[in-house]
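A.B. asks: To start, I am sharing the structure in question, which I have written as structure tokens.
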Amino acid sequence: MILDLVLIGLAVTLDPLPLTAFMIVLPSKGGVRKGAAFVFGWLVSLAIVVTVTVLATGNNPPKPNTAPSLASLAVKIALGAVLVVIAVRHIRVRGRPKPPKKPPKWQEHVDSMSPWFAMALAPTLQPWVLIGAGAATVVEAKLSSWADFLALFLYCVLASSTYLAMEIYAVVRPDQSLALLARFRTWIEDHTDQVIIIGSLVIGFWLIASSIYLIVT
């Protein structure tokens, strides 16, 4: 479970699409406050998913080879397959000229955006396929010691670590952070397809393979 959560947490925090949105919010007018609200909304939504999953199991994870256990593994296989399909779609269109996309309406008003809007924006931008895979993994958790609580807490922190790091750097080094964000955003925009393809294939095949292994053993 721990290894699955580490891989999924890394994939969540490095997903280029919400990262690009955050790198638009953070350099905007009053961006530090809006960035903090965004990170708070991101963390809270992750914590809610984890809490609801643990409550749904009654802190009593299903035993191996039972119907609930097999169902959670089937969900992970399905989500892994979705990630592989996403990767294949990006491979097929890679290198082809892309029609210009109209930016979302919220980007047009980013300077006048309120922190409340930024906080609500974060959950809508999360990679919910990966979040679902994390929830299917948390089904296996049994919170019987402080170490178990710490593991789930660290999963939420890991899945938010890139956003936390950029927010802290913007507070500590506001001038330098603007240049760093500009370079990072340019790199992300130039390598979005590659990051999505690699991340989706790695996590997708891992979820499929590890779940099938648990089913057959």
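Naming scheme: A, B, ... for chains in displayed order of the structure tokens; residues 1 onward per chain; ligands 1 onward as shown.
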Can you list every residue of stretch 37-151 of chain A that has an atom at most 8 Å from stretch 12-31 of chain A, with its nearest atom pair and the distance in Å to one decimal, using only C-alpha atoms, ordered by chain then number, as CSV?

C.D. replies:
```
residue,atom,partner,partner_atom,distance
A:Phe38,CA,A:Phe22,CA,7.7
A:Gln107,CA,A:Ile24,CA,7.6
A:Val110,CA,A:Val25,CA,6.4
A:Asp111,CA,A:Lys29,CA,4.9
A:Ser112,CA,A:Lys29,CA,7.5
A:Ala118,CA,A:Val25,CA,7.9
A:Ala122,CA,A:Pro18,CA,7.9
A:Leu125,CA,A:Pro18,CA,5.4
A:Gln126,CA,A:Pro18,CA,6.4
A:Pro127,CA,A:Val12,CA,6.6
A:Leu130,CA,A:Val12,CA,6.5
A:Ile131,CA,A:Val12,CA,7.5
```

A.B. asks: How close does stretch 112-171 of chain A get to stretch 49-62 of chain A? List, as CSV, each residue of stretch 112-171 of chain A within 8 Å, its nearest atom pair and the distance in Å to one decimal, counting only C-alpha atoms.

C.D. replies:
```
residue,atom,partner,partner_atom,distance
A:Ala135,CA,A:Thr53,CA,6.3
A:Val138,CA,A:Thr53,CA,6.7
A:Val139,CA,A:Pro61,CA,6.0
A:Glu140,CA,A:Pro61,CA,5.0
A:Ala141,CA,A:Pro61,CA,6.1
A:Lys142,CA,A:Asn59,CA,5.3
A:Leu143,CA,A:Asn59,CA,6.4
A:Leu152,CA,A:Val50,CA,7.6
```

A.B. asks: Hey, what's within 10 Å of A:Val82 if we count only C-alpha atoms and toss same-chain stuff fewer than 2 positions away? As a list in words, please?

C.D. replies: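 What passes the distance filter is Lys76, Ile77, Ala78, Leu79, Gly80, Val84, Val85, Ile86, Ala87, Val88, Val129, Leu130, Ser200, Leu201 and Gly204 of chain A.
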
A.B. asks: Find the spatial neighbours of stretch 155-165 of chain A, counting only C-alpha atoms, within a cut-off of 8 Å - ignore same-chain residues fewer than 3 positions away - and output them as a list in words.

C.D. replies: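 Here the qualifying residues turn out to be Leu5, Val6, Ile8, Gly9, Leu10, Ala11, Val12, Thr13, Leu14, Leu19, Phe22, Val39, Trp42, Leu43, Leu46, Ala47, Ala151, Leu152, Ile168 and Tyr169 of chain A.
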
A.B. asks: Let me see the file: selected residues, N, CA, C and O atoms, as a PDB file, in the first residue's frame.

C.D. replies:
```
ATOM      1  N   LEU A   5       0.908   4.316  -2.747  1.00  0.00           N
ATOM      2  CA  LEU A   5       0.586   5.698  -2.386  1.00  0.00           C
ATOM      3  C   LEU A   5       1.725   6.648  -2.740  1.00  0.00           C
ATOM      4  O   LEU A   5       1.478   7.784  -3.152  1.00  0.00           O
ATOM      5  N   VAL A   6       2.963   6.195  -2.595  1.00  0.00           N
ATOM      6  CA  VAL A   6       4.102   7.049  -2.967  1.00  0.00           C
ATOM      7  C   VAL A   6       4.088   7.326  -4.467  1.00  0.00           C
ATOM      8  O   VAL A   6       4.241   8.483  -4.912  1.00  0.00           O
ATOM      9  N   ILE A   8       1.544   7.092  -6.584  1.00  0.00           N
ATOM     10  CA  ILE A   8       0.375   7.893  -6.958  1.00  0.00           C
ATOM     11  C   ILE A   8       0.542   9.328  -6.492  1.00  0.00           C
ATOM     12  O   ILE A   8       0.217  10.271  -7.220  1.00  0.00           O
ATOM     13  N   GLY A   9       1.062   9.518  -5.278  1.00  0.00           N
ATOM     14  CA  GLY A   9       1.291  10.874  -4.773  1.00  0.00           C
ATOM     15  C   GLY A   9       2.247  11.658  -5.651  1.00  0.00           C
ATOM     16  O   GLY A   9       2.023  12.838  -5.936  1.00  0.00           O
ATOM     17  N   LEU A  10       3.319  11.015  -6.109  1.00  0.00           N
ATOM     18  CA  LEU A  10       4.261  11.682  -7.010  1.00  0.00           C
ATOM     19  C   LEU A  10       3.592  12.038  -8.334  1.00  0.00           C
ATOM     20  O   LEU A  10       3.817  13.127  -8.882  1.00  0.00           O
ATOM     21  N   ALA A  11       2.790  11.129  -8.848  1.00  0.00           N
ATOM     22  CA  ALA A  11       2.103  11.402 -10.114  1.00  0.00           C
ATOM     23  C   ALA A  11       1.122  12.561  -9.973  1.00  0.00           C
ATOM     24  O   ALA A  11       1.007  13.404 -10.879  1.00  0.00           O
ATOM     25  N   VAL A  12       0.433  12.633  -8.832  1.00  0.00           N
ATOM     26  CA  VAL A  12      -0.522  13.726  -8.610  1.00  0.00           C
ATOM     27  C   VAL A  12       0.201  15.068  -8.549  1.00  0.00           C
ATOM     28  O   VAL A  12      -0.205  16.035  -9.197  1.00  0.00           O
ATOM     29  N   THR A  13       1.274  15.133  -7.775  1.00  0.00           N
ATOM     30  CA  THR A  13       1.942  16.419  -7.581  1.00  0.00           C
ATOM     31  C   THR A  13       2.698  16.881  -8.813  1.00  0.00           C
ATOM     32  O   THR A  13       2.990  18.078  -8.942  1.00  0.00           O
ATOM     33  N   LEU A  14       3.014  15.948  -9.730  1.00  0.00           N
ATOM     34  CA  LEU A  14       3.766  16.319 -10.928  1.00  0.00           C
ATOM     35  C   LEU A  14       2.889  16.395 -12.177  1.00  0.00           C
ATOM     36  O   LEU A  14       3.406  16.609 -13.274  1.00  0.00           O
ATOM     37  N   LEU A  19      -0.545  21.896 -12.564  1.00  0.00           N
ATOM     38  CA  LEU A  19       0.655  22.687 -12.283  1.00  0.00           C
ATOM     39  C   LEU A  19       0.684  23.955 -13.126  1.00  0.00           C
ATOM     40  O   LEU A  19       1.027  25.038 -12.642  1.00  0.00           O
ATOM     41  N   PHE A  22      -1.669  26.440 -11.649  1.00  0.00           N
ATOM     42  CA  PHE A  22      -1.131  27.047 -10.432  1.00  0.00           C
ATOM     43  C   PHE A  22      -0.064  28.088 -10.761  1.00  0.00           C
ATOM     44  O   PHE A  22       0.043  29.122 -10.083  1.00  0.00           O
ATOM     45  N   VAL A  39      -3.512  25.982  -2.555  1.00  0.00           N
ATOM     46  CA  VAL A  39      -2.867  24.847  -1.897  1.00  0.00           C
ATOM     47  C   VAL A  39      -3.761  24.292  -0.785  1.00  0.00           C
ATOM     48  O   VAL A  39      -3.871  23.075  -0.606  1.00  0.00           O
ATOM     49  N   TRP A  42      -6.485  22.324  -2.327  1.00  0.00           N
ATOM     50  CA  TRP A  42      -5.914  21.079  -2.857  1.00  0.00           C
ATOM     51  C   TRP A  42      -5.741  20.062  -1.728  1.00  0.00           C
ATOM     52  O   TRP A  42      -6.150  18.900  -1.836  1.00  0.00           O
ATOM     53  N   LEU A  43      -5.132  20.509  -0.607  1.00  0.00           N
ATOM     54  CA  LEU A  43      -4.891  19.622   0.526  1.00  0.00           C
ATOM     55  C   LEU A  43      -6.192  19.135   1.159  1.00  0.00           C
ATOM     56  O   LEU A  43      -6.335  17.952   1.488  1.00  0.00           O
ATOM     57  N   LEU A  46      -7.916  16.456  -0.887  1.00  0.00           N
ATOM     58  CA  LEU A  46      -7.235  15.172  -0.733  1.00  0.00           C
ATOM     59  C   LEU A  46      -7.579  14.534   0.610  1.00  0.00           C
ATOM     60  O   LEU A  46      -7.866  13.335   0.696  1.00  0.00           O
ATOM     61  N   ALA A  47      -7.544  15.363   1.669  1.00  0.00           N
ATOM     62  CA  ALA A  47      -7.853  14.854   3.006  1.00  0.00           C
ATOM     63  C   ALA A  47      -9.284  14.345   3.083  1.00  0.00           C
ATOM     64  O   ALA A  47      -9.550  13.322   3.741  1.00  0.00           O
ATOM     65  N   ALA A 151       1.307   7.835   7.642  1.00  0.00           N
ATOM     66  CA  ALA A 151       1.461   7.415   6.242  1.00  0.00           C
ATOM     67  C   ALA A 151       0.439   8.100   5.347  1.00  0.00           C
ATOM     68  O   ALA A 151       0.773   8.589   4.257  1.00  0.00           O
ATOM     69  N   LEU A 152      -0.817   8.170   5.796  1.00  0.00           N
ATOM     70  CA  LEU A 152      -1.854   8.819   4.995  1.00  0.00           C
ATOM     71  C   LEU A 152      -1.640  10.333   4.954  1.00  0.00           C
ATOM     72  O   LEU A 152      -1.883  10.968   3.920  1.00  0.00           O
ATOM     73  N   ILE A 168       5.941  28.288  -0.883  1.00  0.00           N
ATOM     74  CA  ILE A 168       6.938  28.701   0.117  1.00  0.00           C
ATOM     75  C   ILE A 168       8.029  29.536  -0.536  1.00  0.00           C
ATOM     76  O   ILE A 168       8.462  30.564   0.009  1.00  0.00           O
ATOM     77  N   TYR A 169       8.482  29.116  -1.706  1.00  0.00           N
ATOM     78  CA  TYR A 169       9.532  29.872  -2.392  1.00  0.00           C
ATOM     79  C   TYR A 169       9.044  31.255  -2.797  1.00  0.00           C
ATOM     80  O   TYR A 169       9.799  32.234  -2.722  1.00  0.00           O
TER      81      TYR A 169
END
```

A.B. asks: In Å to one decimal, how far is atom CA of A:Met119 from atom CA of A:Ala37?

C.D. replies: 4.7 Å

A.B. asks: Check the smallest atom-to-atom distance from each of A:Ala182, A:Val32, A:Ile196, A:Ala133 to A:Ala74 using only C-alpha atoms, then report the winner.

C.D. replies: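 Nearest candidate to A:Ala74 out of A:Ala182, A:Val32, A:Ile196, A:Ala133: A:Ala133.
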
A.B. asks: My list of candidates is A:His109, A:Arg94, A:Pro64, A:Asp4. Which is closest to A:Asp190 when distances are computed with only C-alpha atoms?

C.D. replies: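 So, comparing all the options, the nearest one is A:Arg94.
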
A.B. asks: Please return, as an NGL selection string, all residues of stretch 14-197 of chain A that DSSP assigns to alpha helix (DSSP H) on the basis of the backbone.

C.D. replies: :A and (16-25 or 31-57 or 67-93 or 105-108 or 115-125 or 128-138 or 146-158 or 161-172 or 174-197)

A.B. asks: My list of candidates is A:Ala36, A:Leu70, A:Ile197, A:Leu180. Which is closest to A:Ala120 when distances are computed with only C-alpha atoms?

C.D. replies: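 For A:Ala120, the nearest of the candidates is A:Ala36.
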
A.B. asks: Which residue gives the smallest distance to A:Lys34 among A:Lys105, A:Arg185, A:Arg89, A:Met113, with only C-alpha atoms counted?

C.D. replies: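 Selected residue with least distance to A:Lys34: A:Met113.
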
A.B. asks: State, in Å with one decimal place, the distance from atom CA of A:Val195 to atom CA of A:Arg92.

C.D. replies: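 According to the coordinates, atom CA of A:Val195 and atom CA of A:Arg92 are separated by 14.7 Å.
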
A.B. asks: When distances are computed from only C-alpha atoms, which of A:Phe149, A:Phe205, A:Phe40, A:Phe117 shows the smallest separation from A:Glu167?

C.D. replies: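 So, comparing all the options, the nearest one is A:Phe40.
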
A.B. asks: Using only C-alpha atoms for the distances, tell me which of A:Leu73, A:Arg33, A:Pro123, A:Met1 is nearest to A:Asp148.

C.D. replies: A:Met1
